[in-house]
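K.L.:
Okay, so here is query.cif, and as you'll see once you scroll down, it has mmCIF, C-alpha atoms.
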data_run
#
loop_
_atom_site.label_atom_id
_atom_site.label_comp_id
_atom_site.auth_asym_id
_atom_site.auth_seq_id
_atom_site.Cartn_x
_atom_site.Cartn_y
_atom_site.Cartn_z
CA MET Q 206 -24.34 -17.82 7.96
CA MET Q 207 -20.69 -16.90 8.36
CA THR Q 208 -19.53 -14.35 10.91
CA HIS Q 209 -17.48 -11.49 9.46
CA VAL Q 210 -15.37 -8.86 11.20
CA PHE Q 211 -14.57 -5.53 9.54
CA LYS Q 212 -12.35 -2.87 11.13
CA THR Q 213 -11.17 0.50 9.88
CA VAL Q 214 -10.12 4.01 10.87
CA PRO Q 215 -12.90 5.79 12.81
CA THR Q 216 -12.60 9.27 11.27
CA ILE Q 217 -11.92 10.13 7.62
CA GLU Q 218 -11.97 13.69 6.25
CA ILE Q 219 -11.99 14.22 2.48
CA GLY Q 220 -11.62 17.50 0.64
CA ALA Q 221 -9.15 19.71 -1.17
CA GLY Q 222 -7.21 21.69 1.42
CA CYS Q 223 -8.45 19.65 4.39
CA SER Q 224 -4.87 19.04 5.60
CA LYS Q 225 -4.94 22.66 6.80
CA THR Q 226 -7.30 21.47 9.57
CA LEU Q 227 -4.53 19.31 11.07
CA HIS Q 228 -4.30 21.45 14.22
CA ASP Q 229 -7.98 20.92 15.00
CA VAL Q 230 -7.79 17.21 14.24
CA CYS Q 231 -4.78 16.88 16.54
CA LEU Q 232 -6.72 18.43 19.40
CA ARG Q 233 -9.70 16.18 18.66
CA VAL Q 234 -7.64 12.99 19.02
CA GLY Q 235 -5.66 14.26 22.02
CA ILE Q 236 -2.40 15.48 20.45
CA SER Q 237 -0.92 18.74 21.71
CA LYS Q 238 2.66 18.18 20.47
CA PRO Q 239 2.74 16.04 17.30
CA PHE Q 240 5.73 14.07 16.05
CA ILE Q 241 5.60 14.52 12.26
CA VAL Q 242 7.02 11.66 10.16
CA SER Q 243 7.86 12.55 6.56
CA ASP Q 244 10.57 12.39 3.90
CA PRO Q 245 13.00 14.91 2.39
CA GLY Q 246 11.07 15.23 -0.88
CA VAL Q 247 7.80 16.14 0.82
CA VAL Q 248 9.52 18.63 3.09
CA LYS Q 249 11.51 20.20 0.24
CA CYS Q 250 8.48 20.77 -2.02
CA GLY Q 251 6.72 22.71 0.74
CA ILE Q 252 3.37 20.91 0.90
CA LEU Q 253 3.85 20.26 4.60
CA LYS Q 254 3.94 23.97 5.50
CA PRO Q 255 0.22 24.83 5.16
CA ALA Q 256 -0.75 21.92 7.40
CA MET Q 257 1.78 22.93 10.05
CA ALA Q 258 1.08 26.66 9.90
CA SER Q 259 -1.24 26.67 12.93
CA ILE Q 260 0.76 24.19 15.02
CA GLU Q 261 3.29 25.89 17.28
CA ASP Q 262 4.89 22.96 19.10
CA TYR Q 263 5.94 19.94 17.05
CA VAL Q 264 8.95 17.81 16.11
CA LEU Q 265 9.70 16.87 12.49
CA TYR Q 266 11.41 13.65 11.48
CA GLN Q 267 12.14 13.89 7.75
CA ASP Q 268 14.63 11.10 7.09
CA VAL Q 269 12.25 8.40 5.83
CA VAL Q 270 13.39 6.67 2.65
CA ALA Q 271 11.54 4.29 0.33
CA ASP Q 272 11.30 0.76 1.72
CA PRO Q 273 12.49 2.05 5.11
CA PRO Q 274 15.22 -0.07 6.70
CA GLN Q 275 14.95 -1.06 10.33
CA ALA Q 276 17.67 1.43 11.29
CA THR Q 277 15.58 4.30 9.93
CA VAL Q 278 12.53 3.19 11.88
CA GLU Q 279 14.57 2.79 15.07
CA ALA Q 280 16.08 6.26 14.62
CA ALA Q 281 12.60 7.74 14.30
CA ILE Q 282 11.43 5.89 17.42
CA GLU Q 283 14.43 7.11 19.42
CA GLN Q 284 13.85 10.71 18.37
CA ALA Q 285 10.15 10.46 19.20
CA ILE Q 286 10.93 9.15 22.69
CA ARG Q 287 13.42 11.99 23.30
CA SER Q 288 10.98 14.60 21.98
CA GLN Q 289 8.27 13.68 24.49
CA CYS Q 290 5.62 14.21 21.83
CA ASP Q 291 2.16 12.94 22.69
CA GLY Q 292 1.02 11.87 19.22
CA VAL Q 293 2.22 11.01 15.73
CA VAL Q 294 1.33 12.29 12.24
CA GLY Q 295 2.36 10.38 9.11
CA PHE Q 296 2.68 12.85 6.22
CA GLY Q 297 3.83 11.39 2.91
CA GLY Q 298 3.73 8.16 0.94
CA GLY Q 299 3.39 4.63 2.22
CA SER Q 300 6.87 4.52 3.72
CA SER Q 301 6.31 7.61 5.88
CA MET Q 302 2.91 6.36 7.02
CA ASP Q 303 4.30 2.91 7.84
CA VAL Q 304 7.09 4.44 9.93
CA ALA Q 305 4.52 6.67 11.67
CA LYS Q 306 2.51 3.60 12.68
CA LEU Q 307 5.53 1.92 14.22
CA VAL Q 308 6.64 5.08 15.99
CA ALA Q 309 3.17 5.43 17.49
CA VAL Q 310 3.33 1.97 19.09
CA ALA Q 311 7.05 1.85 19.93
CA ALA Q 312 7.50 5.36 21.32
CA LEU Q 313 5.77 4.32 24.53
CA GLY Q 314 8.73 2.02 25.20
CA ASP Q 315 6.60 -0.99 26.06
CA GLN Q 316 8.01 -3.22 23.31
CA HIS Q 317 11.00 -3.34 20.97
CA LEU Q 318 10.39 -3.12 17.24
CA THR Q 319 11.89 -6.54 16.51
CA ASP Q 320 9.37 -8.18 18.84
CA MET Q 321 6.48 -6.79 16.76
CA TYR Q 322 7.24 -8.56 13.47
CA GLY Q 323 4.47 -10.94 12.47
CA VAL Q 324 0.73 -11.01 12.98
CA ASP Q 325 -0.82 -9.69 16.21
CA MET Q 326 2.52 -9.46 18.01
CA ILE Q 327 2.03 -5.92 19.40
CA SER Q 328 1.41 -6.12 23.12
CA GLY Q 329 1.65 -2.48 24.22
CA GLY Q 330 -0.44 0.63 23.69
CA ARG Q 331 -0.25 3.34 21.04
CA LEU Q 332 0.04 7.11 20.86
CA PRO Q 333 -2.73 8.94 18.97
CA LEU Q 334 -2.07 8.67 15.23
CA ILE Q 335 -3.14 10.74 12.21
CA GLN Q 336 -2.31 9.79 8.61
CA ILE Q 337 -2.11 12.21 5.65
CA PRO Q 338 -1.20 10.53 2.33
CA THR Q 339 0.55 12.47 -0.43
CA THR Q 340 0.21 9.70 -3.03
CA ALA Q 341 -2.84 7.79 -4.25
CA GLY Q 342 -1.60 4.24 -4.11
CA THR Q 343 -0.42 2.42 -1.03
CA GLY Q 344 -3.60 2.81 1.02
CA SER Q 345 -1.31 2.65 4.06
CA GLU Q 346 -3.35 5.37 5.74
CA ALA Q 347 -6.20 2.87 6.08
CA THR Q 348 -4.32 -0.35 6.81
CA ALA Q 349 -3.07 -2.11 9.92
CA VAL Q 350 0.22 -3.20 8.32
CA ALA Q 351 3.70 -1.66 8.33
CA ILE Q 352 6.55 -3.03 6.20
CA VAL Q 353 10.21 -2.76 7.25
CA THR Q 354 13.34 -3.70 5.28
CA THR Q 355 15.10 -6.01 7.71
CA GLY Q 356 18.03 -7.28 5.65
CA GLU Q 357 19.85 -6.69 2.42
CA HIS Q 358 17.08 -8.36 0.42
CA THR Q 359 14.36 -9.08 2.99
CA LYS Q 360 11.32 -7.31 4.39
CA SER Q 361 9.23 -8.01 7.46
CA GLY Q 362 5.69 -6.96 8.26
CA VAL Q 363 4.05 -5.80 11.45
CA VAL Q 364 0.35 -6.66 11.28
CA SER Q 365 -1.99 -5.55 14.04
CA TYR Q 366 -5.32 -3.75 14.34
CA ARG Q 367 -3.53 -1.42 16.78
CA LEU Q 368 -1.84 0.18 13.78
CA PHE Q 369 -5.10 1.66 12.54
CA ALA Q 370 -4.93 5.45 12.75
CA ASP Q 371 -7.37 7.59 14.71
CA ALA Q 372 -7.98 9.88 11.74
CA ILE Q 373 -7.19 10.23 8.03
CA LEU Q 374 -7.06 13.47 6.04
CA LEU Q 375 -7.43 12.98 2.26
CA ASP Q 376 -6.31 16.23 0.64
CA ALA Q 377 -6.00 15.95 -3.15
CA GLU Q 378 -4.06 19.24 -3.29
CA LEU Q 379 -1.10 17.38 -1.78
CA THR Q 380 -0.93 15.02 -4.78
CA VAL Q 381 -0.99 17.63 -7.56
CA GLY Q 382 2.79 17.76 -7.92
CA LEU Q 383 3.32 14.02 -8.35
CA PRO Q 384 5.22 13.11 -11.53
CA PRO Q 385 3.20 11.13 -14.12
CA ALA Q 386 5.22 7.93 -13.62
CA VAL Q 387 4.64 8.00 -9.85
CA THR Q 388 0.93 8.71 -10.35
CA ALA Q 389 0.71 5.78 -12.76
CA ALA Q 390 2.60 3.24 -10.63
CA THR Q 391 0.87 4.15 -7.37
CA GLY Q 392 -2.51 4.10 -9.10
CA ILE Q 393 -1.95 0.59 -10.43
CA ASP Q 394 -0.73 -0.41 -6.97
CA ALA Q 395 -4.07 0.68 -5.55
CA MET Q 396 -5.95 -1.30 -8.20
CA VAL Q 397 -3.91 -4.38 -7.26
CA HIS Q 398 -5.06 -3.90 -3.67
CA ALA Q 399 -8.69 -3.86 -4.77
CA ILE Q 400 -8.31 -6.93 -7.00
CA GLU Q 401 -6.41 -9.00 -4.45
CA ALA Q 402 -8.77 -8.06 -1.61
CA TYR Q 403 -11.77 -9.11 -3.70
CA THR Q 404 -10.20 -12.47 -4.58
CA SER Q 405 -8.57 -13.12 -1.20
CA LYS Q 406 -8.96 -16.68 0.04
CA ARG Q 407 -9.04 -15.53 3.68
CA LEU Q 408 -11.20 -13.01 5.56
CA LYS Q 409 -12.96 -11.66 2.47
CA ASN Q 410 -16.36 -10.28 3.50
CA PRO Q 411 -19.31 -8.31 2.07
CA ILE Q 412 -17.92 -4.94 3.22
CA SER Q 413 -14.42 -5.51 1.85
CA ASP Q 414 -16.01 -6.69 -1.42
CA MET Q 415 -18.10 -3.53 -1.71
CA LEU Q 416 -15.07 -1.33 -1.03
CA ALA Q 417 -12.88 -3.22 -3.49
CA LEU Q 418 -15.39 -2.89 -6.32
CA GLN Q 419 -15.95 0.79 -5.62
CA ALA Q 420 -12.21 1.39 -5.44
CA LEU Q 421 -11.51 -0.36 -8.73
CA GLY Q 422 -14.26 1.62 -10.42
CA LEU Q 423 -12.91 4.97 -9.21
CA LEU Q 424 -9.30 4.13 -9.99
CA SER Q 425 -9.82 2.65 -13.45
CA ALA Q 426 -12.04 5.57 -14.48
CA ASN Q 427 -9.62 8.28 -13.35
CA ILE Q 428 -6.03 7.03 -13.60
CA LYS Q 429 -5.47 8.20 -17.17
CA ALA Q 430 -6.82 11.69 -16.46
CA ALA Q 431 -4.68 11.99 -13.33
CA VAL Q 432 -1.54 10.94 -15.22
CA ILE Q 433 -2.18 13.06 -18.32
CA ASN Q 434 -3.15 16.20 -16.39
CA GLY Q 435 -1.59 16.25 -12.96
CA THR Q 436 -3.54 19.38 -11.99
CA ASP Q 437 -6.94 17.72 -12.52
CA ILE Q 438 -8.03 18.03 -8.90
CA VAL Q 439 -11.26 16.08 -9.47
CA ALA Q 440 -9.41 13.07 -10.90
CA ARG Q 441 -6.77 13.40 -8.17
CA GLU Q 442 -9.39 13.32 -5.43
CA LYS Q 443 -11.12 10.29 -6.92
CA MET Q 444 -7.78 8.50 -7.16
CA LEU Q 445 -7.02 9.37 -3.53
CA LEU Q 446 -10.43 8.14 -2.41
CA GLY Q 447 -10.12 4.98 -4.49
CA ALA Q 448 -6.71 4.20 -3.02
CA MET Q 449 -8.04 4.59 0.51
CA LEU Q 450 -11.10 2.42 -0.18
CA ALA Q 451 -8.79 -0.26 -1.57
CA GLY Q 452 -6.69 0.11 1.57
CA GLN Q 453 -9.75 -0.43 3.74
CA ALA Q 454 -10.61 -3.51 1.70
CA PHE Q 455 -7.21 -5.21 1.91
CA ALA Q 456 -6.77 -4.23 5.54
CA ASN Q 457 -9.54 -6.76 6.16
CA ALA Q 458 -9.18 -9.15 3.21
CA PRO Q 459 -5.40 -9.46 2.78
CA VAL Q 460 -3.51 -9.45 -0.52
CA GLY Q 461 -1.92 -12.44 -2.21
CA ALA Q 462 0.56 -13.59 -4.84
CA VAL Q 463 0.99 -10.29 -6.71
CA HIS Q 464 2.40 -8.72 -3.58
CA ALA Q 465 4.32 -11.85 -2.60
CA LEU Q 466 6.14 -11.79 -5.95
CA ALA Q 467 6.52 -8.01 -5.96
CA TYR Q 468 8.31 -7.77 -2.60
CA PRO Q 469 11.52 -9.50 -3.76
CA LEU Q 470 11.69 -7.10 -6.72
CA GLY Q 471 11.80 -4.24 -4.24
CA GLY Q 472 14.05 -5.98 -1.75
CA ILE Q 473 16.68 -7.20 -4.22
CA TYR Q 474 16.49 -4.71 -7.08
CA HIS Q 475 14.97 -1.70 -5.26
CA ILE Q 476 12.16 -1.36 -7.77
CA PRO Q 477 9.39 0.88 -6.36
CA HIS Q 478 6.55 -1.14 -4.88
CA GLY Q 479 3.81 0.06 -7.22
CA LEU Q 480 5.91 -0.69 -10.29
CA SER Q 481 6.86 -4.11 -8.88
CA ASN Q 482 3.17 -4.95 -8.57
CA SER Q 483 2.47 -3.70 -12.08
CA LEU Q 484 5.22 -5.88 -13.57
CA VAL Q 485 3.88 -9.17 -12.21
CA LEU Q 486 0.14 -8.42 -12.09
CA PRO Q 487 -0.91 -9.61 -15.59
CA HIS Q 488 0.93 -12.89 -15.18
CA VAL Q 489 -0.51 -13.63 -11.73
CA LEU Q 490 -4.00 -12.88 -13.05
CA ARG Q 491 -3.57 -15.48 -15.79
CA PHE Q 492 -2.09 -17.96 -13.30
CA ASN Q 493 -5.09 -17.54 -10.98
CA ALA Q 494 -7.73 -17.33 -13.71
CA GLU Q 495 -9.46 -20.68 -13.30
CA TYR Q 496 -9.38 -20.56 -9.50
CA ALA Q 497 -11.35 -17.33 -9.10
CA ALA Q 498 -13.07 -17.04 -12.47
CA THR Q 499 -16.39 -15.67 -11.22
CA MET Q 500 -14.74 -13.07 -9.02
CA TYR Q 501 -12.48 -11.90 -11.84
CA ASP Q 502 -15.55 -11.62 -14.07
CA GLU Q 503 -17.20 -9.41 -11.47
CA LEU Q 504 -14.09 -7.22 -11.22
CA ALA Q 505 -13.75 -7.00 -14.99
CA ALA Q 506 -17.38 -5.92 -15.28
CA VAL Q 507 -16.54 -2.87 -13.16
CA VAL Q 508 -13.80 -1.87 -15.61
CA PHE Q 509 -15.38 -2.88 -18.93
CA GLY Q 510 -19.12 -2.85 -18.24
CA SER Q 511 -19.59 -6.44 -19.35
CA VAL Q 512 -17.48 -9.53 -19.80
CA GLU Q 513 -17.78 -13.01 -21.29
CA PRO Q 514 -18.08 -15.75 -18.64
CA ASN Q 515 -14.69 -16.93 -17.35
CA ALA Q 516 -12.84 -14.32 -19.43
CA GLY Q 517 -12.47 -11.64 -16.76
CA ALA Q 518 -8.99 -12.56 -15.55
CA TYR Q 519 -7.61 -12.59 -19.10
CA GLN Q 520 -9.30 -9.31 -20.00
CA LEU Q 521 -7.89 -7.70 -16.88
CA ALA Q 522 -4.43 -9.08 -17.61
CA ASP Q 523 -4.47 -7.62 -21.13
CA TYR Q 524 -5.89 -4.35 -19.81
CA PHE Q 525 -3.19 -3.82 -17.20
CA TYR Q 526 -0.40 -4.72 -19.61
CA ALA Q 527 -1.71 -2.19 -22.13
CA LEU Q 528 -2.41 0.40 -19.42
CA ALA Q 529 1.17 0.25 -18.15
CA GLN Q 530 2.46 0.72 -21.68
CA GLU Q 531 0.11 3.64 -22.32
CA LEU Q 532 1.14 5.33 -19.07
CA GLY Q 533 4.83 4.95 -19.88
CA LEU Q 534 5.71 2.24 -17.34
CA PRO Q 535 8.05 -0.69 -18.08
CA VAL Q 536 6.18 -3.94 -18.73
CA ALA Q 537 8.99 -6.52 -18.54
CA LEU Q 538 11.52 -7.46 -15.88
CA ARG Q 539 14.34 -7.34 -18.43
CA ALA Q 540 13.71 -3.60 -18.75
CA MET Q 541 14.65 -3.24 -15.07
CA ASN Q 542 18.22 -4.50 -15.54
CA ILE Q 543 17.36 -7.88 -14.07
CA GLU Q 544 19.40 -10.78 -15.43
CA GLU Q 545 17.44 -13.89 -16.34
CA GLY Q 546 19.73 -15.85 -14.05
CA GLY Q 547 18.40 -13.84 -11.11
CA LEU Q 548 14.84 -15.13 -11.48
CA SER Q 549 15.53 -18.21 -9.35
CA GLU Q 550 16.54 -16.04 -6.41
CA LEU Q 551 13.38 -13.97 -6.84
CA ALA Q 552 11.29 -17.14 -6.76
CA GLU Q 553 13.03 -18.41 -3.64
CA GLN Q 554 12.53 -15.08 -1.87
CA SER Q 555 8.85 -14.95 -2.82
CA MET Q 556 8.31 -18.25 -1.02
CA LEU Q 557 9.21 -16.49 2.24
CA GLN Q 558 6.06 -14.35 1.93
CA GLU Q 559 3.85 -17.02 3.48
CA ARG Q 560 1.51 -14.53 5.15
CA LEU Q 561 0.60 -13.28 1.65
CA LEU Q 562 0.69 -16.51 -0.34
CA ILE Q 563 -1.90 -18.15 1.92
CA ASN Q 564 -4.43 -15.55 0.71
CA ASN Q 565 -4.00 -16.29 -2.99
CA PRO Q 566 -6.85 -18.11 -4.76
CA ARG Q 567 -4.36 -20.66 -6.12
CA THR Q 568 -1.47 -22.23 -4.24
CA VAL Q 569 1.90 -21.02 -5.55
CA ALA Q 570 4.82 -23.46 -5.40
CA LEU Q 571 8.46 -22.55 -6.03
CA ASP Q 572 8.48 -23.75 -9.63
CA GLU Q 573 5.24 -21.88 -10.32
CA ALA Q 574 6.66 -18.65 -8.89
CA LEU Q 575 9.66 -19.07 -11.16
CA MET Q 576 7.34 -19.62 -14.12
CA ILE Q 577 5.48 -16.39 -13.38
CA TYR Q 578 8.76 -14.44 -13.19
CA GLN Q 579 9.84 -16.02 -16.49
CA GLN Q 580 6.58 -14.93 -18.09
CA ALA Q 581 7.11 -11.42 -16.74
CA TYR Q 582 10.70 -11.34 -18.00
#
Any chance you could put this one into structure tokens?
P.N.:
Amino acid sequence: MMTHVFKTVPTIEIGAGCSKTLHDVCLRVGISKPFIVSDPGVVKCGILKPAMASIEDYVLYQDVVADPPQATVEAAIEQAIRSQCDGVVGFGGGSSMDVAKLVAVAALGDQHLTDMYGVDMISGGRLPLIQIPTTAGTGSEATAVAIVTTGEHTKSGVVSYRLFADAILLDAELTVGLPPAVTAATGIDAMVHAIEAYTSKRLKNPISDMLALQALGLLSANIKAAVINGTDIVAREKMLLGAMLAGQAFANAPVGAVHALAYPLGGIYHIPHGLSNSLVLPHVLRFNAEYAATMYDELAAVVFGSVEPNAGAYQLADYFYALAQELGLPVALRAMNIEEGGLSELAEQSMLQERLLINNPRTVALDEALMIYQQAY
């Protein structure tokens, strides 16, 4: 019998309007003066106000941008140190929650951010941390990973169980105003997390498998309703729950080649992460098909009810290509103003994502990465 380890956030609260309990949750985890990490869009639309209504003493950092550069993270850390806050709240999409994680560990001043890049490199403590997602996609609220843009075209990850939050609040009311395209891309992103966790070559375990299957079922059954009718609070809540379950799954069984090939699309061409995943997903599924056939059949059965043996990967690939089209997302790299001559650079950059590629069911060499990009073009 193999030994498995599964770790996750200890407290998760789910329910429409539950973000209004933030004050009580802060007190429960030992925060009297929270440092709120968010972005201008979230602050401008006003969804932060109800959560903050009962909190008198707090500091708001609202300068997070998509794919946050290291300078943004460092600015947040410096402000948190000056503020003398005793806890951190991430309120927003994946970028805000990733920055919140890093602020929580770096604000104590025990270690510089650049010394944390890599796996299990955090040596210091952490301030209490609460995560409140406003999109149903990244699953960052439930993961122990934070991604930072460290160069013009490069990203680095901080991976450590110390980045797990103390509490998560899943409030579907916060996602009602998301545009259809964002709902679609983030929803497919979450489904990628479930699929890659289930087929991960490393650290996959019975609990992550269960979560991945449940996540894919919730997400595939509700994504169209959430996109078509953004005010469907039931579909929104199921999407939010599915995204978090997928986050729990891949926090323990890490993702693979889809993410490895998606990161350069974000780093070089600034394509949103969920859309980057969507663009390469069908082609990676076909590439992996024979190396995880049974697992893809099991995943496909969740979406379709039944599947012919060894056909699951191909059915899923066709499904996601058609789903993206139906939801109004681009389905080819050429539609993103990418020149065909730029595919070689994408392939070279994807090879730098070793921590992800080692999890893929099939080894990906440079020429194979280029082939996948060409198929996606």
K.L.:
Give me, as a ChimeraX atom specification, all polymer residues having an atom no more than 12 Å from Q:Leu379, counting only C-alpha atoms and skipping those fewer than 4 positions away in the same chain.
P.N.:
/Q:220-225,247-248,250-256,296-298,337-341,374-375,383,435-436,438,441-442,445
K.L.:
I'd like the interatomic distance between atom CA of Q:Ile428 and atom CA of Q:Ser345, to a tenth of an Å.
P.N.:
18.8 Å
K.L.:
Which polymer residues have any atom within 12 Å of an atom of Q:Asp320, counting only C-alpha atoms, with same-chain residues fewer than 3 positions away left out, as a ChimeraX atom specification?
P.N.:
/Q:307,310-311,315-317,323-329,361-364
K.L.:
Just so the selection is clear, what residues does the PyMOL selection byres ((chain Q and resi 285) around 9) cover here, as a PyMOL selection string?
P.N.:
chain Q and resi 240+264+266+280-284+286-290+293+308-309+312
K.L.:
For the structure provided, state which residues fall under the PyMOL selection byres ((chain Q and resi 346) around 8), and present them as a list in words.
P.N.:
Gly299, Met302, Gln336, Ile337, Pro338, Thr343, Gly344, Ser345, Ala347, Thr348, Phe369, Ala370, Ile373, Met449 and Gly452 of chain Q
K.L.:
Name the closest residue to Q:Asp268 among the candidates Q:Ile236, Q:Leu418, Q:Ala305, Q:Leu334; distances are taken between atoms, counting only C-alpha atoms.
P.N.:
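Distance minimum relative to Q:Asp268 lands on Q:Ala305.
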K.L.:
On this structure, the PyMOL selection byres ((chain Q and resi 352) around 8) would catch which residues? List them as JSON, numbers by chain, sorted by chain and number.
P.N.:
{"Q": [272, 273, 300, 303, 350, 351, 353, 354, 360, 361, 362, 363]}
K.L.:
Between atom CA of Q:Leu484 and atom CA of Q:Pro566, measure the distance and give it in Å to one decimal.
P.N.:
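Separating atom CA of Q:Leu484 from atom CA of Q:Pro566 is a distance of 19.3 Å.
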K.L.:
Can you tell me how far atom CA of Q:Leu416 sits from atom CA of Q:Val508, in Å to one decimal?
P.N.:
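Computed distance, atom CA of Q:Leu416 to atom CA of Q:Val508, equals 14.6 Å.
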K.L.:
If we count all atoms listed in the file and set the cut-off at 9 Å, which residues sit around Q:Lys409, ignoring sequence neighbours fewer than 6 positions away in its own chain? Please answer as a list in words.
P.N.:
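The filter keeps His209, Ala402, Tyr403, Ala454, Phe455, Asn457, Ala458 and Pro459 of chain Q.
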K.L.:
I want to know what sits within 9 Å of Q:Met541, based on only C-alpha atoms, with residues of the same chain fewer than 4 positions away left out; could you give that as number ranges by chain?
P.N.:
Q: 474, 476, 535, 537
K.L.:
Could you check which of Q:Ala271, Q:Met556, Q:Leu490, Q:Val230 is closest to Q:Asp523, using all atoms listed in the file?
P.N.:
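Of Q:Ala271, Q:Met556, Q:Leu490, Q:Val230, the one nearest Q:Asp523 is Q:Leu490, counting all atoms listed in the file.
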K.L.:
Counting all atoms listed in the file, figure out which residue out of Q:Thr380, Q:Ser425, Q:Thr359, Q:Ser365 gets nearest to Q:Glu550.
P.N.:
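Looking at the shortest contact to Q:Glu550, the residue is Q:Thr359.
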K.L.:
Restricting the calculation to all atoms listed in the file: of Q:Leu332, Q:Ala372, Q:Ala431, Q:Leu521, which residue gets closest to Q:Ile217?
P.N.:
Q:Ala372
K.L.:
Which residue, Q:Gly461, Q:Thr499, Q:Leu532, Q:Ala581, has the smallest gap to Q:Leu562 when you use only C-alpha atoms?
P.N.:
Q:Gly461
K.L.:
Counting all atoms listed in the file, which residue out of Q:Met576, Q:Leu548, Q:Ala420, Q:Leu368 sits closest to Q:Met321?
P.N.:
Q:Leu368
K.L.:
Got a sec: who's within 7 Å of Q:Ala465, counting all atoms listed in the file, leaving out chain neighbours fewer than 3 positions off, as a list in words?
P.N.:
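So, after excluding close chain neighbours, the residues are Gly461, Ala462, Tyr468, Ser555, Gln558, Leu561 and Leu562 of chain Q.
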